[in-house]
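S.K.: So I've got this file, model.txt, and it contains compact mmCIF, C-alpha atoms:
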```txt
# COMPACT_ATOMS: atom_id res chain seq x y z
CA MET A 1 120.10 -0.52 -23.66
CA PHE A 2 121.18 -3.82 -22.25
CA GLU A 3 118.70 -6.62 -22.13
CA ASN A 4 119.54 -8.53 -19.00
CA LYS A 5 118.61 -11.66 -20.89
CA TYR A 6 119.17 -14.91 -19.06
CA GLU A 7 119.39 -17.85 -21.42
CA ASP A 8 117.14 -19.76 -19.04
CA SER A 9 115.17 -16.77 -17.79
CA TYR A 10 112.37 -18.73 -16.21
CA THR A 11 114.52 -21.44 -14.65
CA GLY A 12 112.78 -23.74 -12.22
CA SER A 13 114.67 -24.92 -9.21
CA ASP A 14 113.66 -28.57 -9.71
CA SER A 15 114.16 -28.88 -13.45
CA GLU A 16 114.71 -32.48 -14.57
CA VAL A 17 116.03 -31.62 -18.04
CA LYS A 18 119.75 -32.19 -18.56
CA PHE A 19 121.77 -30.16 -21.01
CA ASP A 20 124.97 -31.04 -22.76
CA LYS A 21 127.93 -28.72 -23.22
CA ASP A 22 126.30 -27.05 -26.21
CA GLY A 23 123.14 -26.06 -24.33
CA MET A 24 121.10 -28.84 -25.94
CA SER A 25 118.84 -31.18 -24.02
CA ASP A 26 119.65 -34.88 -24.15
CA THR A 27 116.52 -35.64 -26.15
CA GLU A 28 117.07 -32.84 -28.62
CA SER A 29 120.70 -33.76 -29.17
CA LYS A 30 119.65 -37.22 -30.31
CA VAL A 31 116.94 -36.00 -32.64
CA ASP A 32 118.65 -33.00 -34.22
CA SER A 33 122.17 -34.16 -34.92
CA GLY A 34 122.47 -33.51 -38.63
CA GLY A 35 123.07 -29.74 -38.57
CA PRO A 36 126.42 -28.01 -38.84
CA GLU A 37 128.32 -27.49 -35.63
CA VAL A 38 130.06 -24.31 -34.51
CA PRO A 39 133.05 -24.41 -32.13
CA VAL A 40 132.02 -23.93 -28.50
CA ALA A 41 133.39 -20.77 -26.87
CA PRO A 42 135.54 -21.37 -23.78
CA ASP A 43 134.50 -20.23 -20.31
CA ASP A 44 135.73 -16.66 -19.96
CA THR A 45 134.47 -15.92 -16.45
CA PRO A 46 137.01 -13.62 -14.72
CA VAL A 47 139.49 -15.49 -12.56
CA VAL A 48 138.62 -13.31 -9.56
CA LEU A 49 134.97 -14.37 -9.73
CA ASN A 50 135.88 -18.03 -10.24
CA LYS A 51 138.01 -17.97 -7.10
CA ALA A 52 135.49 -16.04 -5.01
CA LEU A 53 132.63 -18.36 -5.98
CA SER A 54 134.57 -21.62 -6.09
CA GLY A 55 132.77 -23.02 -3.03
CA LEU A 56 129.32 -22.70 -4.57
CA SER A 57 127.40 -25.18 -6.69
CA SER A 58 127.36 -24.50 -10.45
CA ARG A 59 123.75 -23.31 -10.21
CA TRP A 60 124.43 -20.69 -7.56
CA LYS A 61 127.79 -19.76 -9.08
CA ASN A 62 126.04 -19.02 -12.37
CA TRP A 63 123.41 -16.99 -10.46
CA TRP A 64 126.05 -14.77 -8.85
CA VAL A 65 128.14 -14.32 -12.01
CA ARG A 66 125.11 -13.23 -14.00
CA GLY A 67 123.90 -10.98 -11.21
CA ILE A 68 127.21 -9.16 -10.83
CA LEU A 69 127.61 -8.65 -14.57
CA THR A 70 123.98 -7.52 -14.80
CA LEU A 71 124.60 -4.76 -12.26
CA ALA A 72 127.68 -3.70 -14.20
CA MET A 73 125.71 -3.46 -17.46
CA ILE A 74 122.86 -1.53 -15.83
CA SER A 75 125.40 0.92 -14.37
CA PHE A 76 126.88 1.40 -17.83
CA PHE A 77 123.37 1.99 -19.16
CA PHE A 78 122.85 4.84 -16.66
CA ILE A 79 126.17 6.38 -17.68
CA ILE A 80 125.37 6.49 -21.40
CA ILE A 81 121.90 7.94 -20.66
CA TYR A 82 123.65 10.72 -18.72
CA LEU A 83 126.01 11.36 -21.64
CA GLY A 84 123.09 12.21 -23.89
CA PRO A 85 121.35 11.18 -27.13
CA MET A 86 124.40 11.39 -29.39
CA VAL A 87 126.29 8.85 -27.29
CA LEU A 88 123.20 6.63 -27.21
CA MET A 89 123.04 6.67 -31.01
CA MET A 90 126.71 5.70 -31.26
CA ILE A 91 126.16 2.88 -28.78
CA VAL A 92 123.20 1.62 -30.82
CA LEU A 93 125.38 1.61 -33.94
CA GLY A 94 128.16 -0.23 -32.10
CA VAL A 95 125.74 -2.84 -30.74
CA GLN A 96 124.27 -3.30 -34.21
CA ILE A 97 127.70 -3.97 -35.74
CA LYS A 98 128.64 -6.42 -32.96
CA CYS A 99 125.35 -8.34 -33.28
CA PHE A 100 125.82 -8.55 -37.04
CA GLN A 101 129.38 -9.81 -36.56
CA GLU A 102 128.26 -12.54 -34.14
CA ILE A 103 125.58 -13.90 -36.48
CA ILE A 104 127.77 -13.68 -39.58
CA THR A 105 130.60 -15.44 -37.75
CA ILE A 106 128.33 -18.42 -37.13
CA GLY A 107 127.51 -18.55 -40.85
CA TYR A 108 131.14 -18.13 -41.75
CA SER A 109 132.13 -21.07 -39.55
CA VAL A 110 129.89 -23.25 -41.70
CA TYR A 111 130.54 -21.53 -45.02
CA HIS A 112 134.32 -21.34 -44.67
CA SER A 113 134.63 -25.14 -44.58
CA TYR A 114 133.76 -25.18 -48.30
CA HIS A 115 136.49 -22.64 -49.17
CA LEU A 116 134.06 -20.46 -51.11
CA PRO A 117 135.05 -16.82 -51.72
CA TRP A 118 133.71 -13.46 -50.61
CA PHE A 119 131.04 -14.45 -48.08
CA ARG A 120 132.40 -12.37 -45.22
CA THR A 121 133.51 -9.55 -47.53
CA LEU A 122 130.12 -9.30 -49.20
CA SER A 123 128.31 -9.55 -45.86
CA TRP A 124 130.16 -6.55 -44.46
CA TYR A 125 129.73 -4.70 -47.75
CA PHE A 126 125.95 -5.16 -47.61
CA LEU A 127 126.00 -3.98 -43.98
CA LEU A 128 127.75 -0.80 -45.14
CA CYS A 129 125.21 -0.28 -47.93
CA VAL A 130 122.17 -0.75 -45.70
CA ASN A 131 123.57 1.53 -43.00
CA TYR A 132 124.36 4.17 -45.61
CA PHE A 133 120.75 4.02 -46.78
CA PHE A 134 119.10 4.12 -43.35
CA TYR A 135 121.39 6.70 -41.76
CA GLY A 136 121.21 8.83 -44.89
CA GLU A 137 117.42 8.82 -44.59
CA THR A 138 117.71 9.78 -40.92
CA VAL A 139 120.12 12.65 -41.63
CA THR A 140 117.86 14.01 -44.37
CA ASP A 141 114.80 13.74 -42.14
CA TYR A 142 116.12 15.15 -38.87
CA PHE A 143 118.97 17.41 -40.04
CA PHE A 144 117.18 19.00 -42.99
CA THR A 145 118.36 22.57 -42.40
CA LEU A 146 121.98 21.50 -41.98
CA VAL A 147 121.80 19.37 -45.14
CA GLN A 148 120.35 22.26 -47.18
CA ARG A 149 123.02 24.61 -45.86
CA GLU A 150 125.98 22.48 -46.99
CA GLU A 151 126.23 21.98 -50.74
CA PRO A 152 127.92 18.51 -50.68
CA LEU A 153 125.31 17.21 -48.21
CA ARG A 154 122.50 18.70 -50.27
CA ILE A 155 123.70 16.86 -53.39
CA LEU A 156 124.12 13.58 -51.48
CA SER A 157 120.66 14.01 -49.98
CA LYS A 158 119.04 14.70 -53.35
CA TYR A 159 120.47 11.55 -54.96
CA HIS A 160 120.66 9.49 -51.77
CA ARG A 161 118.34 6.67 -52.82
CA PHE A 162 119.91 6.34 -56.25
CA ILE A 163 123.38 6.13 -54.69
CA SER A 164 122.13 3.55 -52.17
CA PHE A 165 120.62 1.44 -54.92
CA ALA A 166 123.81 1.65 -57.00
CA LEU A 167 125.88 0.50 -54.02
CA TYR A 168 123.57 -2.45 -53.37
CA LEU A 169 123.52 -3.35 -57.06
CA THR A 170 127.32 -3.47 -57.05
CA GLY A 171 127.25 -5.98 -54.19
CA PHE A 172 124.57 -8.00 -55.96
CA CYS A 173 126.72 -8.28 -59.10
CA MET A 174 129.74 -9.23 -56.98
CA PHE A 175 127.73 -12.06 -55.44
CA VAL A 176 126.68 -13.37 -58.87
CA LEU A 177 130.30 -13.30 -60.02
CA SER A 178 131.37 -15.23 -56.91
CA LEU A 179 129.10 -18.24 -57.62
CA VAL A 180 131.03 -21.49 -57.79
CA LYS A 181 129.84 -24.59 -59.62
CA LYS A 182 128.48 -27.40 -57.40
CA HIS A 183 127.98 -24.99 -54.50
CA TYR A 184 125.22 -22.77 -55.85
CA ARG A 185 122.65 -23.86 -53.27
CA LEU A 186 124.95 -23.22 -50.32
CA GLN A 187 125.93 -19.81 -51.66
CA PHE A 188 122.30 -18.79 -52.03
CA TYR A 189 121.66 -20.06 -48.51
CA MET A 190 124.35 -17.73 -47.23
CA PHE A 191 123.09 -14.86 -49.39
CA GLY A 192 119.73 -15.27 -47.67
CA TRP A 193 121.51 -15.61 -44.30
CA THR A 194 123.13 -12.21 -44.77
CA HIS A 195 119.91 -10.49 -45.82
CA VAL A 196 117.84 -11.94 -42.98
CA THR A 197 120.55 -10.81 -40.56
CA LEU A 198 120.39 -7.31 -42.05
CA LEU A 199 116.62 -7.32 -41.69
CA ILE A 200 116.71 -8.44 -38.06
CA VAL A 201 119.66 -6.36 -36.86
CA VAL A 202 120.09 -3.23 -38.97
CA THR A 203 116.43 -2.42 -39.59
CA GLN A 204 115.56 -2.80 -35.91
CA SER A 205 118.48 -0.67 -34.73
CA HIS A 206 117.35 2.01 -37.16
CA LEU A 207 113.90 1.92 -35.54
CA ILE A 208 115.51 2.25 -32.10
CA ILE A 209 117.13 5.50 -33.21
CA HIS A 210 113.81 6.75 -34.59
CA ASN A 211 112.20 5.98 -31.23
CA LEU A 212 114.95 7.95 -29.53
CA PHE A 213 114.21 11.03 -31.62
CA GLU A 214 110.59 10.92 -30.38
CA GLY A 215 111.91 11.45 -26.85
CA MET A 216 114.32 9.54 -24.67
CA ILE A 217 111.42 8.16 -22.64
CA TRP A 218 110.36 6.13 -25.70
CA PHE A 219 113.87 4.70 -25.76
CA ILE A 220 114.48 4.10 -22.05
CA VAL A 221 111.11 2.78 -20.83
CA PRO A 222 110.74 -0.06 -23.42
CA ILE A 223 114.34 -1.17 -22.97
CA SER A 224 114.01 -1.03 -19.17
CA CYS A 225 110.78 -3.05 -19.31
CA VAL A 226 112.54 -5.84 -21.21
CA ILE A 227 115.39 -5.76 -18.69
CA CYS A 228 112.97 -5.84 -15.76
CA ASN A 229 110.96 -8.68 -17.27
CA ASP A 230 114.05 -10.83 -17.76
CA ILE A 231 115.35 -10.17 -14.27
CA MET A 232 112.03 -10.81 -12.54
CA ALA A 233 111.18 -13.82 -14.73
CA TYR A 234 114.55 -15.30 -13.83
CA MET A 235 114.04 -14.59 -10.11
CA PHE A 236 110.50 -16.03 -9.99
CA GLY A 237 111.56 -19.03 -12.06
CA PHE A 238 114.71 -19.61 -10.02
CA PHE A 239 112.90 -19.72 -6.69
CA PHE A 240 109.35 -20.82 -7.58
CA GLY A 241 109.51 -22.39 -11.06
CA ARG A 242 107.88 -25.82 -11.42
CA THR A 243 105.70 -25.85 -14.54
CA PRO A 244 107.49 -25.94 -17.96
CA LEU A 245 106.49 -23.13 -20.32
CA ILE A 246 107.71 -24.12 -23.79
CA LYS A 247 109.48 -27.17 -25.22
CA LEU A 248 111.95 -25.02 -27.13
CA SER A 249 113.35 -23.82 -23.79
CA PRO A 250 112.57 -26.62 -21.32
CA LYS A 251 113.91 -24.77 -18.26
CA LYS A 252 111.55 -21.81 -18.65
CA THR A 253 108.47 -21.98 -16.44
CA TRP A 254 104.99 -20.50 -16.19
CA GLU A 255 105.79 -19.21 -12.71
CA GLY A 256 108.66 -17.13 -14.10
CA PHE A 257 106.58 -15.95 -17.06
CA ILE A 258 103.61 -14.77 -14.95
CA GLY A 259 105.78 -13.29 -12.21
CA GLY A 260 107.77 -11.36 -14.80
CA LEU A 261 104.55 -10.05 -16.41
CA PHE A 262 103.04 -8.51 -13.27
CA SER A 263 106.39 -7.21 -12.01
CA THR A 264 107.13 -5.52 -15.34
CA ILE A 265 103.72 -3.80 -15.54
CA VAL A 266 104.16 -2.33 -12.06
CA PHE A 267 107.75 -1.33 -12.86
CA GLY A 268 106.70 0.33 -16.14
CA ILE A 269 104.00 2.42 -14.43
CA LEU A 270 106.39 3.58 -11.69
CA LEU A 271 109.29 4.32 -14.05
CA SER A 272 106.99 6.26 -16.39
CA TYR A 273 105.71 8.36 -13.49
CA VAL A 274 109.24 9.35 -12.53
CA MET A 275 110.51 10.06 -16.04
CA ALA A 276 107.41 11.90 -17.30
CA SER A 277 108.12 14.81 -14.95
CA TYR A 278 111.48 15.64 -16.62
CA ARG A 279 111.68 17.51 -19.91
CA TYR A 280 115.04 15.89 -20.62
CA PHE A 281 113.27 12.56 -21.06
CA VAL A 282 109.95 13.55 -22.64
CA CYS A 283 110.96 16.20 -25.19
CA PRO A 284 111.82 15.11 -28.76
CA VAL A 285 115.52 15.06 -29.58
CA GLU A 286 116.11 17.87 -32.08
CA PHE A 287 119.17 19.29 -33.79
CA ASN A 288 119.89 22.95 -33.04
CA ASN A 289 121.29 24.56 -36.18
CA ASP A 290 122.63 27.58 -34.31
CA SER A 291 124.75 25.59 -31.86
CA ASN A 292 125.21 22.56 -34.16
CA SER A 293 124.26 20.24 -31.33
CA PHE A 294 121.33 18.18 -30.09
CA GLN A 295 118.87 19.82 -27.75
CA VAL A 296 116.15 18.34 -25.56
CA ASP A 297 113.89 21.18 -24.52
CA CYS A 298 110.19 21.84 -25.16
CA GLU A 299 106.82 22.42 -23.58
CA PRO A 300 105.69 18.89 -22.65
CA SER A 301 102.67 17.65 -24.57
CA ASP A 302 99.40 16.55 -22.96
CA LEU A 303 100.82 13.04 -22.90
CA PHE A 304 103.14 14.18 -20.11
CA GLN A 305 100.71 16.36 -18.11
CA LEU A 306 99.09 14.99 -14.95
CA GLN A 307 95.38 14.30 -15.37
CA ASP A 308 92.59 12.97 -13.15
CA TYR A 309 91.19 9.54 -14.00
CA THR A 310 88.03 8.04 -12.50
CA LEU A 311 88.60 4.55 -11.17
CA PRO A 312 86.27 1.67 -12.10
CA SER A 313 83.82 0.70 -9.37
CA VAL A 314 85.73 -2.51 -8.63
CA LEU A 315 88.99 -0.68 -7.97
CA GLU A 316 87.15 2.06 -6.10
CA SER A 317 85.72 -0.47 -3.67
CA LEU A 318 89.14 -2.03 -3.13
CA THR A 319 91.16 1.18 -2.72
CA GLY A 320 88.58 3.64 -1.46
CA TRP A 321 89.73 6.17 -4.08
CA THR A 322 87.37 7.67 -6.64
CA THR A 323 90.05 9.26 -8.84
CA VAL A 324 93.80 9.04 -9.39
CA ARG A 325 96.23 11.49 -10.93
CA LEU A 326 98.35 9.91 -13.65
CA TYR A 327 100.34 10.90 -16.68
CA PRO A 328 98.62 9.61 -19.85
CA PHE A 329 101.97 8.08 -20.78
CA GLN A 330 101.58 5.74 -17.81
CA ILE A 331 98.53 4.23 -19.52
CA HIS A 332 100.63 3.65 -22.64
CA SER A 333 103.38 2.13 -20.48
CA ILE A 334 100.99 -0.71 -19.62
CA ALA A 335 100.85 -1.63 -23.32
CA LEU A 336 104.66 -1.42 -23.58
CA SER A 337 105.17 -3.51 -20.43
CA SER A 338 102.63 -6.11 -21.53
CA PHE A 339 104.30 -6.51 -24.91
CA ALA A 340 107.74 -6.76 -23.28
CA SER A 341 106.46 -9.53 -21.01
CA ILE A 342 104.12 -11.50 -23.27
CA VAL A 343 105.43 -11.16 -26.83
CA GLY A 344 108.99 -9.97 -26.17
CA PRO A 345 110.20 -13.34 -24.82
CA PHE A 346 109.39 -14.91 -28.18
CA GLY A 347 112.38 -13.03 -29.54
CA GLY A 348 114.42 -14.99 -27.04
CA PHE A 349 112.67 -18.24 -27.97
CA PHE A 350 113.46 -17.54 -31.63
CA ALA A 351 117.11 -16.98 -30.76
CA SER A 352 117.12 -20.18 -28.67
CA GLY A 353 115.84 -22.17 -31.62
CA PHE A 354 118.48 -20.62 -33.85
CA LYS A 355 121.28 -21.49 -31.44
CA ARG A 356 120.02 -25.04 -30.95
CA ALA A 357 119.97 -25.52 -34.71
CA PHE A 358 123.74 -24.92 -34.68
CA LYS A 359 124.36 -26.65 -31.34
CA ILE A 360 125.68 -23.56 -29.58
CA LYS A 361 124.74 -22.16 -26.19
CA ASP A 362 125.48 -18.48 -26.92
CA PHE A 363 126.15 -16.32 -29.96
CA ALA A 364 129.56 -15.39 -28.51
CA ASN A 365 131.35 -15.12 -25.17
CA THR A 366 131.64 -11.32 -25.03
CA ILE A 367 130.03 -10.97 -21.58
CA PRO A 368 130.92 -13.64 -18.98
CA GLY A 369 127.84 -15.47 -17.78
CA HIS A 370 125.65 -13.83 -20.40
CA GLY A 371 127.07 -14.82 -23.78
CA GLY A 372 127.32 -12.45 -26.71
CA ILE A 373 125.80 -9.05 -27.36
CA MET A 374 123.11 -10.66 -29.53
CA ASP A 375 122.14 -12.83 -26.57
CA ARG A 376 121.34 -9.62 -24.68
CA PHE A 377 119.37 -8.00 -27.50
CA ASP A 378 117.25 -10.72 -29.08
CA CYS A 379 114.11 -9.39 -27.35
CA GLN A 380 115.10 -5.73 -27.61
CA TYR A 381 114.94 -5.74 -31.41
CA LEU A 382 111.40 -7.11 -31.39
CA MET A 383 110.47 -4.49 -28.81
CA ALA A 384 111.92 -1.69 -30.95
CA THR A 385 109.64 -2.57 -33.85
CA PHE A 386 106.57 -2.63 -31.62
CA VAL A 387 107.38 0.77 -30.09
CA ASN A 388 107.92 2.33 -33.52
CA VAL A 389 104.62 0.95 -34.83
CA TYR A 390 102.85 1.96 -31.60
CA ILE A 391 104.08 5.55 -31.85
CA ALA A 392 103.07 5.79 -35.52
CA SER A 393 99.62 4.31 -34.84
CA PHE A 394 98.58 5.93 -31.55
CA ILE A 395 100.93 8.81 -30.67
CA ARG A 396 102.55 10.68 -33.52
CA GLY A 397 100.58 13.37 -35.35
CA PRO A 398 101.55 15.75 -38.16
CA ASN A 399 104.81 17.54 -37.43
CA PRO A 400 104.60 21.27 -38.36
CA THR A 401 108.37 21.66 -38.23
CA LYS A 402 108.94 19.00 -40.89
CA VAL A 403 106.14 20.42 -43.06
CA ILE A 404 107.77 23.86 -42.97
CA GLN A 405 111.16 22.34 -43.80
CA GLN A 406 109.69 20.68 -46.87
CA LEU A 407 107.93 23.88 -47.93
CA LEU A 408 111.15 25.86 -47.69
CA ALA A 409 112.82 23.38 -50.05
CA LEU A 410 110.27 24.13 -52.80
CA ARG A 411 110.64 26.69 -55.57
CA ALA A 412 109.24 30.19 -54.98
CA ASP A 413 106.28 29.66 -57.33
CA GLN A 414 105.40 26.41 -55.56
CA GLN A 415 105.55 28.14 -52.18
CA LEU A 416 103.23 30.89 -53.46
CA LEU A 417 100.78 28.30 -54.77
CA ILE A 418 100.65 26.56 -51.39
CA PHE A 419 100.37 29.93 -49.60
CA ASN A 420 97.37 30.98 -51.69
CA SER A 421 95.71 27.57 -51.28
CA LEU A 422 96.19 27.72 -47.51
CA LYS A 423 94.94 31.31 -47.40
CA ASN A 424 91.75 30.40 -49.27
CA HIS A 425 91.21 27.38 -47.03
CA LEU A 426 91.56 29.44 -43.84
CA THR A 427 89.29 32.14 -45.23
CA GLU A 428 86.57 29.63 -46.05
CA LYS A 429 86.74 28.23 -42.53
CA GLY A 430 86.49 31.74 -41.08
CA LEU A 431 89.86 31.57 -39.34
CA LEU A 432 91.86 34.06 -41.35
CA PRO A 433 89.86 37.21 -40.40
CA VAL A 434 90.29 36.31 -36.72
CA LEU A 435 94.03 35.95 -37.20
CA GLU A 436 94.21 39.27 -39.06
CA GLU A 437 92.33 41.03 -36.24
CA VAL A 438 94.73 39.62 -33.67
CA ASN A 439 97.73 40.75 -35.74
CA ALA A 440 96.20 44.20 -36.18
```
Starting from the file, lay out its structure as structure tokens.

M.R.:
Amino acid sequence: MFENKYEDSYTGSDSEVKFDKDGMSDTESKVDSGGPEVPVAPDDTPVVLNKALSGLSSRWKNWWVRGILTLAMISFFFIIIYLGPMVLMMIVLGVQIKCFQEIITIGYSVYHSYHLPWFRTLSWYFLLCVNYFFYGETVTDYFFTLVQREEPLRILSKYHRFISFALYLTGFCMFVLSLVKKHYRLQFYMFGWTHVTLLIVVTQSHLIIHNLFEGMIWFIVPISCVICNDIMAYMFGFFFGRTPLIKLSPKKTWEGFIGGLFSTIVFGILLSYVMASYRYFVCPVEFNNDSNSFQVDCEPSDLFQLQDYTLPSVLESLTGWTTVRLYPFQIHSIALSSFASIVGPFGGFFASGFKRAFKIKDFANTIPGHGGIMDRFDCQYLMATFVNVYIASFIRGPNPTKVIQQLLALRADQQLLIFNSLKNHLTEKGLLPVLEEVNA
């Protein structure tokens, strides 16, 4: 859940770049000085830590503060995994709201100086509308039987998209009515600001929940890979970093980037091996209508069954092994780990550019030594989209349960039509007589 994102994840020990109090380099501060400024958050490191680490240099003090808080966040992550999928979904919703608040607050700091109405109100209203739409779609999709059983839910489900559109249209009209002469351009800027924030934050958190329903392993492994990459990139960069990686983040180094890549791939393979042996992690999260609760129990698919793989001749000569026994999911974990290490950091680079545009070091000061919640999740949201697309493209097949649910919602004559069509199809393929003999 928590991306152990270090603002300077690939920090080199001999970096020559100096940063001002807003996290900007000296050169960049001189070039990009025309943008709006946001008040800098005060240092909120706990007094106990400040006293305990007072004898250390700022570099090592920062290292220890981030390390201690990282362990605390990872411990919290283990606790919410133990509490189950429902708690995880609530945490995702809470994180989404906090990330939205942090980004909107930055916009409000700029927007409020013009004394223009309704920006914050409309922003939160659009957040409500978009969440209503996405969570309504999720409820209809994964809680179909419960929705059909309760009349109010059935009506809301039937007209869900129309209601969602009506709610959004109301906010759209409110925005038009709030336009003030001489400030049209700024207001449309902020209208776009809100919608881009919704796209980045709400849509991605919705995909995280969809990944969770595919099985907790699709939720935990990608998130853990991002965490591992940031930790190991920071460690390699801190101790071995010399070569700058990208101008946008001058203190990030190639040594940290490459070290994080190989460490994360190994970590992903090992973590996948451990988790693939437990049904609690590999089974899809489903809603049990009899107990009105979530259940995680199934016969694991072939993706989570040990299989023998023949090693390439090069690896065979190095290891002396001809075959290895792996879970197929471990092969997929290499793709997840590689994305988390190679493409995932660009989510952090994007966030760095955003913060530099407004001359701020962090989105907020929620977590001492780490910044705001959005600072921890800038790479996680990009990872969530990749995992969702990956599952849809390479993993997920037709779901018989959902097909049956849709068939049961049809009229009797429609069900009979589909039954006869299916019967004829099976008869033509020669499958139906076999089934009838077995039943007999």

S.K.: Mind giving me the straight-line distance from CA of Val180 (chain A) to CA of Ile200 (chain A) in Å, one decimal?

M.R.: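 So the two atoms, CA of Val180 (chain A) and CA of Ile200 (chain A), lie 27.7 Å apart.
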
S.K.: If we count only C-alpha atoms and set the cut-off at 10 Å, which residues sit around Phe175 (chain A), ignoring sequence neighbours fewer than 4 positions away in its own chain? Please answer as a PyMOL selection string.

M.R.: chain A and resi 117-119+122-123+169-171+179+187-188+191

S.K.: So how many Å separate CA of Ile106 (chain A) and CA of Phe350 (chain A), to one decimal?

M.R.: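 It comes out at 15.9 Å.
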
S.K.: Could you give me the centre and size, in Å to one decimal, of an axis-aligned box around all listed atoms of region 75-87 of chain A with 4 Å added on every side, as AutoDock Vina command-line options?

M.R.:
```
--center_x 124.1 --center_y 6.6 --center_z -21.9 --size_x 13.5 --size_y 19.3 --size_z 23.0
```

S.K.: Find the residues near Asp378 (chain A): any atom within 10 Å, counting all atoms listed in the file, skip ones fewer than 6 places away on the same chain, and give them as a ChimeraX atom specification.

M.R.: /A:3,5,99,200-201,344-352

S.K.: Contacts of Val389 (chain A) at 12 Å or less, counting only C-alpha atoms, minus same-chain residues fewer than 3 places along, as an NGL selection string?

M.R.: :A and (204 or 207-208 or 210-211 or 218 or 336 or 382-386 or 392-396)
